[in-house]
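Written below as structure tokens is the structure these notes are about.
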Amino acid sequence: MMKMLMELMVLVGLIGLSHGAIQRPDYDDTPNPEFLNPSWMTSIPDDQLLSEVTMPGTHNTMALYGGVYAECQTWSLASQLRAGIRFLDIRVRHVKGNLTIHHGVSYQRAHFGHVLEGVVDFLQEYPNETVLMRLREEFSETYDIYGSVVDFIHRYAHWDMLWHSRLVPTMAEARGKLIILQEFSGPDLGMRYGSLDIADHWKVPTLLHVDEKWQSVYEHLEAAPTGNMAQIFLTYSSGAGLFAYPRAVAQRVNAQLYNYLRSKTDLNQRLGIVCMDFPAAPIIQMIIDFQLKKVIKSQSFNPVPTRASLKNAISSLRKKMITQ
Ligand SMILES: *[C@@H]1O[C@H](CO)[C@@H](O)[C@H](O)[C@H]1NC(C)=O
Ligand SMILES: *[C@@H]1O[C@H](CO)[C@@H](O)[C@H](O)[C@H]1NC(C)=O
């Protein structure tokens, strides 16, 4: 009976989780990344649309405190950005104009100004990079955060640092900018979160549901290379439920994600944003390595003459014959 109970508890993830000390290639809940990759966007061509870029992100970026049910990350914002993360998921509680960082009931010992300062510091040091930020209200229901968000931007960042358009920027336009993916009403502060193609099946009631979770991740990643290239694809590998902590889910789904990425031989495909809990430096690197490398046109050689080039050749021959 005791043995059965133990097995059941392991199954639902209530025990068997060593707390805060695992560093694997796919999963890391130690305080710091194994290695950094702070300026990988430099090599992306200027004319490439941001929607064509494959990049790593974190789900509930600032959820570092509050116990196993609330915690989704262990690295600070500065460490995440320097490790290569370019998509942030920020949830703010709105109380009388103040925007504090929350994951559900858990206060994350920071306010929105700290997040903005972290992004500003990073972009000033690495101006070729861009940072995308999903922004929404959490643990308050004012449905009116626009004014406070603008206020915080003026106080802790610069208005010109934002990408002020609903349209998808090119890499050249995005460099040095914070792109807010706005999940709240009000005038345009950036792009609309709802304009992305999103797979976010975050409800994983027990660890018996991890396979279903992985299936949804897999299907969306498989669809990304052939999806609309002008639309940003966003896939969350994260999930949680009453009998499955974020850590327990990440330890399983990240491993599947890692094996999936490793089995792909063609790195020349768009996967979009892959958003994770407790990612490790090697899986971040793997995602970064998927980039659409544009064919350098001036060096390509086309052995079959096109109609236009034939026309040109004929007309220049004619001219020569006439002048002779
Ligand atoms: C906003 O909330 C944070 C965290 O509770 C606090 O430190 C800060 O002083 C507050 N700011 C204002 C203007 O009330
Ligand atoms: C940013 O890009 C420019 C132009 O490609 C390059 O010269 C510079 O070294 C890059 N800066 C960083 C920090 O990578």
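Letters A, B, ... go to the chains of the structure tokens in the order shown; residues in each chain start at 1; ligands are counted from 1 in the same order.
Using only C-alpha atoms, the protein and nucleic acid residues lying no more than 9 Å from range 187-193 of chain A, apart from those fewer than 6 places from it along its own chain, are Arg134, Leu135, Tyr146, Val150, Leu162, Trp163, His164, Ser165, Arg166, Leu167, Val168, Leu178, Ile179, Ile180 and Leu181 of chain A.
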Now that the selection is made, can you save its residues with C-alpha atoms as a short mmCIF file (atom, residue, chain, number, x, y, z; two decimals), in the first residue's frame?
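part.cif written:
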data_model
loop_
_atom_site.label_atom_id
_atom_site.label_comp_id
_atom_site.auth_asym_id
_atom_site.auth_seq_id
_atom_site.Cartn_x
_atom_site.Cartn_y
_atom_site.Cartn_z
CA ARG A 134 4.16 39.73 -24.01
CA LEU A 135 2.49 42.05 -21.51
CA TYR A 146 -2.59 51.16 -20.65
CA VAL A 150 2.87 54.31 -20.68
CA LEU A 162 9.65 50.85 -28.51
CA TRP A 163 8.49 49.52 -31.85
CA HIS A 164 5.32 51.55 -32.30
CA SER A 165 3.44 49.58 -34.91
CA ARG A 166 1.17 46.59 -35.31
CA LEU A 167 3.24 45.48 -38.28
CA VAL A 168 6.00 42.88 -38.10
CA LEU A 178 11.62 46.55 -27.26
CA ILE A 179 8.60 45.12 -29.03
CA ILE A 180 5.61 44.97 -26.75
CA LEU A 181 3.14 42.25 -27.64
#
For range 55-58 of chain A, work out the shell of residues within 9 Å, counting only C-alpha atoms and skipping chain neighbours fewer than 5 positions away, then give it as a PyMOL selection string.
-> chain A and resi 72-73+80+84-89+132+236+238+271-279+283-285+287-291
Kindly save the residues from that selection, with C-alpha atoms included, as a tab-separated table (two decimals), in the first residue's frame.
chain	number	residue	atom	x	y	z
A	72	CYS	CA	8.86	28.84	-13.60
A	73	GLN	CA	12.42	30.17	-13.83
A	80	GLN	CA	18.04	35.13	-19.27
A	84	GLY	CA	20.02	34.29	-25.48
A	85	ILE	CA	16.34	34.54	-24.48
A	86	ARG	CA	14.54	37.12	-26.66
A	87	PHE	CA	10.87	36.63	-25.80
A	88	LEU	CA	9.64	37.60	-22.33
A	89	ASP	CA	6.26	36.85	-20.76
A	132	LEU	CA	9.83	40.87	-27.52
A	236	TYR	CA	4.80	27.25	-25.30
A	238	SER	CA	5.42	25.03	-20.48
A	271	LEU	CA	10.31	27.33	-35.88
A	272	GLY	CA	9.32	30.73	-34.48
A	273	ILE	CA	9.42	31.49	-30.79
A	274	VAL	CA	9.90	28.48	-28.51
A	275	CYS	CA	8.85	29.52	-25.04
A	276	MET	CA	9.97	27.40	-22.08
A	277	ASP	CA	10.11	26.94	-18.33
A	278	PHE	CA	13.61	26.31	-16.91
A	279	PRO	CA	15.46	26.16	-20.24
A	283	ILE	CA	18.72	23.90	-25.63
A	284	ILE	CA	18.70	27.70	-26.01
A	285	GLN	CA	21.73	27.38	-28.30
A	287	ILE	CA	16.97	26.89	-30.93
A	288	ILE	CA	19.20	29.82	-31.92
A	289	ASP	CA	20.97	27.57	-34.44
A	290	PHE	CA	17.72	27.17	-36.41
A	291	GLN	CA	17.90	30.18	-38.66
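CA of Ala240 in chain A to CA of Ile198 in chain A spans 17.5 Å [interatomic distance, one decimal].
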Produce as a ChimeraX atom specification the set of residues near ligand 2, where near means within 9 Å with only C-alpha atoms and all ligand atoms considered.
-> /A:38-43,125-129
Those selected residues, please, written with N, CA and C atoms and delivered as a short mmCIF file (atom, residue, chain, number, x, y, z; two decimals), in the first residue's frame.
data_model
loop_
_atom_site.label_atom_id
_atom_site.label_comp_id
_atom_site.auth_asym_id
_atom_site.auth_seq_id
_atom_site.Cartn_x
_atom_site.Cartn_y
_atom_site.Cartn_z
N PRO A 38 24.99 36.36 -25.70
CA PRO A 38 24.27 37.64 -25.59
C PRO A 38 24.00 38.37 -26.90
N SER A 39 24.74 38.07 -27.97
CA SER A 39 24.54 38.90 -29.18
C SER A 39 24.40 38.07 -30.44
N TRP A 40 23.59 37.03 -30.37
CA TRP A 40 23.46 36.13 -31.51
C TRP A 40 22.67 36.71 -32.67
N MET A 41 21.93 37.80 -32.45
CA MET A 41 21.10 38.34 -33.53
C MET A 41 21.89 39.17 -34.54
N THR A 42 23.13 39.50 -34.19
CA THR A 42 23.98 40.28 -35.10
C THR A 42 24.07 39.63 -36.48
N SER A 43 24.13 38.31 -36.51
CA SER A 43 24.35 37.61 -37.79
C SER A 43 23.07 37.44 -38.62
N GLU A 125 23.71 47.69 -24.04
CA GLU A 125 24.97 46.96 -24.16
C GLU A 125 25.05 46.17 -25.47
N TYR A 126 23.90 45.67 -25.92
CA TYR A 126 23.86 44.83 -27.14
C TYR A 126 22.83 45.39 -28.12
N PRO A 127 23.19 46.48 -28.81
CA PRO A 127 22.19 47.21 -29.62
C PRO A 127 21.75 46.49 -30.91
N ASN A 128 22.37 45.37 -31.25
CA ASN A 128 21.92 44.63 -32.44
C ASN A 128 20.79 43.67 -32.11
N GLU A 129 20.48 43.53 -30.84
CA GLU A 129 19.47 42.56 -30.42
C GLU A 129 18.09 43.22 -30.38
#
Select the residues contacting ligand 1 at a distance of at most 9 Å, based on only C-alpha atoms and all ligand atoms, then format the selection as number ranges by chain.
-> A: 95-101, 107, 109-112
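Across range 60-99 of chain A, DSSP run on the backbone finds strand (DSSP E or B) at A:Phe87, A:Leu88, A:Asp89, A:Ile90, A:Arg91, A:Val92, A:Arg93, A:His94, A:Val95, A:Asn98, A:Leu99.
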Write to file, as a short mmCIF file (atom, residue, chain, number, x, y, z; two decimals), in the first residue's frame, the residues of the selection just made, with N, CA and C atoms.
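The result, written out as result_38.cif:
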data_model
loop_
_atom_site.label_atom_id
_atom_site.label_comp_id
_atom_site.auth_asym_id
_atom_site.auth_seq_id
_atom_site.Cartn_x
_atom_site.Cartn_y
_atom_site.Cartn_z
N PHE A 87 12.30 36.43 -26.01
CA PHE A 87 10.87 36.63 -25.80
C PHE A 87 10.59 36.53 -24.30
N LEU A 88 9.96 37.57 -23.75
CA LEU A 88 9.64 37.60 -22.33
C LEU A 88 8.13 37.58 -22.15
N ASP A 89 7.69 36.96 -21.09
CA ASP A 89 6.26 36.85 -20.76
C ASP A 89 6.07 37.55 -19.41
N ILE A 90 5.52 38.77 -19.46
CA ILE A 90 5.46 39.61 -18.26
C ILE A 90 4.01 39.84 -17.84
N ARG A 91 3.73 39.56 -16.56
CA ARG A 91 2.38 39.73 -16.02
C ARG A 91 2.41 40.73 -14.88
N VAL A 92 1.60 41.77 -15.00
CA VAL A 92 1.61 42.84 -14.00
C VAL A 92 0.29 42.93 -13.25
N ARG A 93 0.41 43.18 -11.96
CA ARG A 93 -0.76 43.46 -11.14
C ARG A 93 -0.92 44.98 -11.06
N HIS A 94 -2.12 45.45 -11.32
CA HIS A 94 -2.37 46.89 -11.36
C HIS A 94 -3.08 47.33 -10.08
N VAL A 95 -2.35 48.07 -9.25
CA VAL A 95 -2.96 48.62 -8.04
C VAL A 95 -2.67 50.11 -7.98
N ASN A 98 0.21 51.50 -9.83
CA ASN A 98 1.45 50.72 -9.69
C ASN A 98 1.31 49.39 -10.43
N LEU A 99 2.40 48.96 -11.02
CA LEU A 99 2.40 47.68 -11.75
C LEU A 99 3.44 46.77 -11.12
#
In range 154-284 of chain A, what's alpha helix (DSSP H) per DSSP? Answer as number ranges by chain?
-> A: 154-156, 171-174, 210-223, 246-263, 281-284
Nearest to Glu52 in chain A: which of A:Phe139, A:Trp202, A:Phe233, A:Tyr245 is it, counting only C-alpha atoms?
-> A:Phe233
For Glu34 in chain A, the nearest of the candidates A:Trp75, A:Tyr258, A:Tyr69, A:Trp159, counting only C-alpha atoms | A:Trp75
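With only C-alpha atoms as the atoms that count, the minimum distance from Ser106 in chain A to the choices A:Ala244, A:Leu123, A:Leu81, A:Ala70 is reached by A:Ala70.
The residue set within 10 Å of Asp26 in chain A, counting only C-alpha atoms and dropping same-chain residues fewer than 6 places from it, reads Ala250, Gln251, Arg252, Val253, Asn254, Ala255, Gln256, Leu257, Tyr258, Asn259, Phe278, Pro279, Ala280, Ala281, Pro282, Ile283, Ile284 and Met286 of chain A.
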Filtering to N, CA and C atoms, could you give me those residues as an mmCIF file, in the first residue's frame?
data_model
loop_
_atom_site.group_PDB
_atom_site.id
_atom_site.type_symbol
_atom_site.label_atom_id
_atom_site.label_comp_id
_atom_site.auth_asym_id
_atom_site.auth_seq_id
_atom_site.Cartn_x
_atom_site.Cartn_y
_atom_site.Cartn_z
ATOM 1 N N ALA A 250 8.290 20.625 -16.979
ATOM 2 C CA ALA A 250 9.453 21.055 -17.775
ATOM 3 C C ALA A 250 10.502 19.957 -17.857
ATOM 4 N N GLN A 251 10.695 19.227 -16.745
ATOM 5 C CA GLN A 251 11.707 18.161 -16.776
ATOM 6 C C GLN A 251 11.367 17.105 -17.823
ATOM 7 N N ARG A 252 10.077 16.955 -18.098
ATOM 8 C CA ARG A 252 9.663 15.951 -19.082
ATOM 9 C C ARG A 252 9.539 16.532 -20.498
ATOM 10 N N VAL A 253 8.850 17.662 -20.605
ATOM 11 C CA VAL A 253 8.616 18.220 -21.952
ATOM 12 C C VAL A 253 9.911 18.781 -22.550
ATOM 13 N N ASN A 254 10.739 19.431 -21.732
ATOM 14 C CA ASN A 254 12.004 19.959 -22.265
ATOM 15 C C ASN A 254 12.867 18.840 -22.846
ATOM 16 N N ALA A 255 12.833 17.679 -22.203
ATOM 17 C CA ALA A 255 13.629 16.549 -22.699
ATOM 18 C C ALA A 255 13.120 16.111 -24.070
ATOM 19 N N GLN A 256 11.790 16.091 -24.218
ATOM 20 C CA GLN A 256 11.218 15.704 -25.516
ATOM 21 C C GLN A 256 11.531 16.748 -26.578
ATOM 22 N N LEU A 257 11.456 18.005 -26.176
ATOM 23 C CA LEU A 257 11.775 19.106 -27.086
ATOM 24 C C LEU A 257 13.225 19.020 -27.551
ATOM 25 N N TYR A 258 14.099 18.739 -26.602
ATOM 26 C CA TYR A 258 15.527 18.640 -26.906
ATOM 27 C C TYR A 258 15.790 17.522 -27.930
ATOM 28 N N ASN A 259 15.195 16.357 -27.691
ATOM 29 C CA ASN A 259 15.387 15.236 -28.621
ATOM 30 C C ASN A 259 14.799 15.538 -29.994
ATOM 31 N N PHE A 278 12.300 26.873 -17.291
ATOM 32 C CA PHE A 278 13.607 26.312 -16.908
ATOM 33 C C PHE A 278 14.447 25.810 -18.096
ATOM 34 N N PRO A 279 14.594 26.618 -19.147
ATOM 35 C CA PRO A 279 15.456 26.164 -20.243
ATOM 36 C C PRO A 279 16.911 26.144 -19.791
ATOM 37 N N ALA A 280 17.730 25.357 -20.480
ATOM 38 C CA ALA A 280 19.166 25.309 -20.192
ATOM 39 C C ALA A 280 19.911 25.941 -21.368
ATOM 40 N N ALA A 281 21.160 26.334 -21.123
ATOM 41 C CA ALA A 281 21.944 26.998 -22.173
ATOM 42 C C ALA A 281 22.050 26.166 -23.463
ATOM 43 N N PRO A 282 22.295 24.841 -23.376
ATOM 44 C CA PRO A 282 22.418 24.077 -24.631
ATOM 45 C C PRO A 282 21.127 24.032 -25.464
ATOM 46 N N ILE A 283 19.957 23.931 -24.834
ATOM 47 C CA ILE A 283 18.718 23.896 -25.630
ATOM 48 C C ILE A 283 18.448 25.284 -26.218
ATOM 49 N N ILE A 284 18.814 26.333 -25.491
ATOM 50 C CA ILE A 284 18.701 27.704 -26.011
ATOM 51 C C ILE A 284 19.579 27.841 -27.257
ATOM 52 N N MET A 286 20.559 25.469 -29.230
ATOM 53 C CA MET A 286 19.985 24.650 -30.295
ATOM 54 C C MET A 286 18.903 25.410 -31.053
#
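Atom to atom, CA of Pro225 in chain A and CA of Gln269 in chain A stand 5.4 Å apart.
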Could you tell me how far CA of Val105 in chain A lies from CA of Gly66 in chain A, in Å and to one decimal?
-> 8.7 Å
Measuring atom to atom with only C-alpha atoms, identify which of A:Ser263, A:Gln108, A:Thr54, A:Gln182 is nearest to Ser76 in chain A.
-> A:Gln108
For Arg136 in chain A, which residue among A:Val68, A:Ala174, A:Val149, A:Val204 is the nearest when counting only C-alpha atoms?
-> A:Val149
Which residues, written as a ChimeraX atom specification, have at least one atom at most 12 Å from Gln124 in chain A, with only C-alpha atoms counted and residues fewer than 6 positions away on the same chain left out?
-> /A:39,117-118,130-131,157-158,161,175-178
